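Q: My questions all concern the structure below.
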Amino acid sequence: SEGALMANVLAILEQRDGALRSVSFEVTTAARAIADAVGGEVHTLVAGGPGIGAASAGAGKYGADRVFACEAQDLAVASPEAVTALAAQQIAGGDYFAVLLPASSMGKDLAPRIAARLDLPLATDATALDVENGNLIITRPVYAGRLFARVSLQGSPAVVSLRPNVFRPAERVSAGEVEMISTPAGAAGARVTVEAFHAAEGGNLDVAEASIVVSGGRGMKGPVHWPLLEELRAALGPAAALGASRAVVDAGWRPHAEQVGQTGKTVSPKLYFAIAISGAMQHLAGMRSSGVIVAVNKDADAPIFKVADYGIVGDAHEVVPVLAARIREARGD
């Protein structure tokens with residue numbers, strides 16, 4: 001029925017090198033919760049090169065009832081204009097209640113394009129979604145995370161991008177039936193093309209993907225002391241990655257790819273070490289949803305201790321080597 005169609009939720013997935021990225025499972029999980037609240041189905045849409053249809057079937061594990069996949073060689077690498085046209089075609093024919101995307105680099109590009117193409121309301125960087133009296137209520141940070149606004153959008157469907165590493169993927173097996181669709185007419189001849197993605201040198205684990213993060217702040221007193229944090233990261237094993245505060249990145253001590261915070265990356269690891277980081281609101285906005293937070297700081301009144309599960313008041317240059325040694329002992333290294 002028409003009512004049932006309007007209750008469906010569309011999640012636009014992200015792929016890289018022919019495989020779905022973890023943010024795809026996050027938006028699918030969020031879509032499942034909204035669809036359940038309004039009595040609809042979860043549809044997912046993914047565009048990629050040959051083989052992406054088979055690879056996208058995994059979305060069913062996280063609650064997708066139907067998976068719409070478009071395969072084309074020129075979609076193997078991100079193609080924002082082509083995917084916008086594809087999404088617009090899907091949305092226009094579906095009477096959806098909401099359209100969800102990850103607020104990743106891809107989603108930040110696509111979400112406003114889609115909203116502008118179809119003249120739909122848009123909310124970005126959501127950290128929570130609720131349905132109240134049939135309306136979608138979106139929670140999103142404002143003023144660099146100092147406050148959270150709860151907003152509803154006029155018009156349907158609402159286009160919403162979700163902050164990565166906030167909506168944890170949850171398995172909820174659904175049909176995940178894959179349906180191949182074709183690129184809409186007029187999608188060719190894009191003005192913007194993405195030639196390639198270049199990974200950071202050294203092949204280090206992305207801080208946004210790591211289950212353990214060791215972040216350093218200005219209190220480390222310079223890049224010459226970063227080997228202390230590398231020692232701690234190595235003691236924690238291959239699941240750990242290095243992060244940094246904005247002050248550190250602005251000073252040129254570490255690359256921007258490692259920055260955690262409002263203007264960097266949002267992380268939600270199982271374990272987060274904040275070493276010599278005072279805990280400015282901008283930084284907390286990017287890591288406060290971590291599972292267990294361990295803080296090391298000389299200042300007992302540092303704001304970071306207000307969110308930390310475990311705190312050590314002391315000089316990081318003295319504490320970190322001892323911490324690394326104890327962790328190696330505990331792991332039997």
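Following the order of the structure tokens, first chain is A, next is B, and so on, with residues numbered from 1 inside each chain and ligands from 1 in the order they appear.
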Range 315-320 of chain A: which residues within 12 Å, counting only C-alpha atoms, same-chain residues fewer than 5 positions away excluded, as a ChimeraX atom specification?

A: /A:214-222,224-233,235,273-277,294-300,325-327

Q: Compile the contact shell of His256 in chain A as a compact mmCIF listing (two decimals) with C-alpha atoms, in the first residue's frame: residues with an atom at most 10 Å away, counting only C-alpha atoms, same-chain residues fewer than 6 positions apart removed.

A:
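The result, stored in part07.txt:
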```txt
# COMPACT_ATOMS: atom_id res chain seq x y z
CA GLY A 243 45.75 9.91 17.16
CA ALA A 244 46.44 13.55 17.93
CA SER A 245 44.72 16.69 19.18
CA ARG A 246 44.08 19.69 16.97
CA VAL A 248 49.35 19.01 17.75
CA VAL A 249 48.24 18.91 14.11
CA ASP A 250 48.12 22.71 13.83
CA THR A 263 37.43 19.30 12.78
CA GLY A 264 39.21 15.94 12.55
CA LYS A 265 37.86 12.42 12.81
```

Q: Go through A:Leu120, A:Ala69, A:Leu10, A:Val178 one by one, measure the shortest atom-to-atom distance of each to Val99 in chain A using only C-alpha atoms, and give the residue with the smallest value.

A: A:Leu10

Q: At a cut-off of 12 Å, using only C-alpha atoms, what residues contact Ala170 in chain A? Leave out same-chain residues fewer than 3 positions from it and give the result as a list in words.

A: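 Here the answer would be Ser22, Val23, Ser24, Phe25, Glu26, Val27, Thr28, Thr29, Ala30, Ala31, Arg32, Ala33, Ala59, Gly60, Lys61, Tyr62, Gly63, Ala64, Phe167 and Val173 of chain A.
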
Q: I need the residue nearest Phe97 in chain A from this list: A:Glu41, A:Glu209, A:Glu179, A:Glu329. Use only C-alpha atoms for the distance.

A: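 For Phe97 in chain A, the nearest of the candidates is A:Glu41.
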
Q: Write out as a PyMOL selection string all residues of range 157-271 of chain A that DSSP puts in alpha helix (DSSP H) for this structure's backbone.

A: chain A and resi 226-236+246-250

Q: Considering only C-alpha atoms, return as a list in words whatever protein or nucleic-acid residues lie within 7 Å of range 84-92 of chain A, sequence-local ones (same chain, fewer than 4 positions apart) excluded.

A: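 Once the adjacent positions are removed, what remains is Pro80, Tyr96, Leu110, Arg113, Ile114, Leu118, Thr183, Pro184 and Ala187 of chain A.
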
Q: Rank A:Ala285, A:Val83, A:Met106, A:Ile181 by their smallest atom-to-atom distance to Phe68 in chain A, using only C-alpha atoms, and report the top residue only.

A: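 Ranking A:Ala285, A:Val83, A:Met106, A:Ile181 by distance to Phe68 in chain A, first place goes to A:Ile181.
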
Q: Would you please work out which residue, of A:Lys108, A:Pro169, A:Gly58, A:Ala98, is nearest to Leu153 in chain A when using only C-alpha atoms?

A: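 Checking each of A:Lys108, A:Pro169, A:Gly58, A:Ala98 against Leu153 in chain A, counting only C-alpha atoms, the winner is A:Ala98.
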
Q: Go through A:Leu147, A:Leu13, A:Val166, A:Val42 one by one, measure the shortest atom-to-atom distance of each to Ala55 in chain A using only C-alpha atoms, and give the residue with the smallest value.

A: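 Smallest separation from Ala55 in chain A among the options: A:Leu13.
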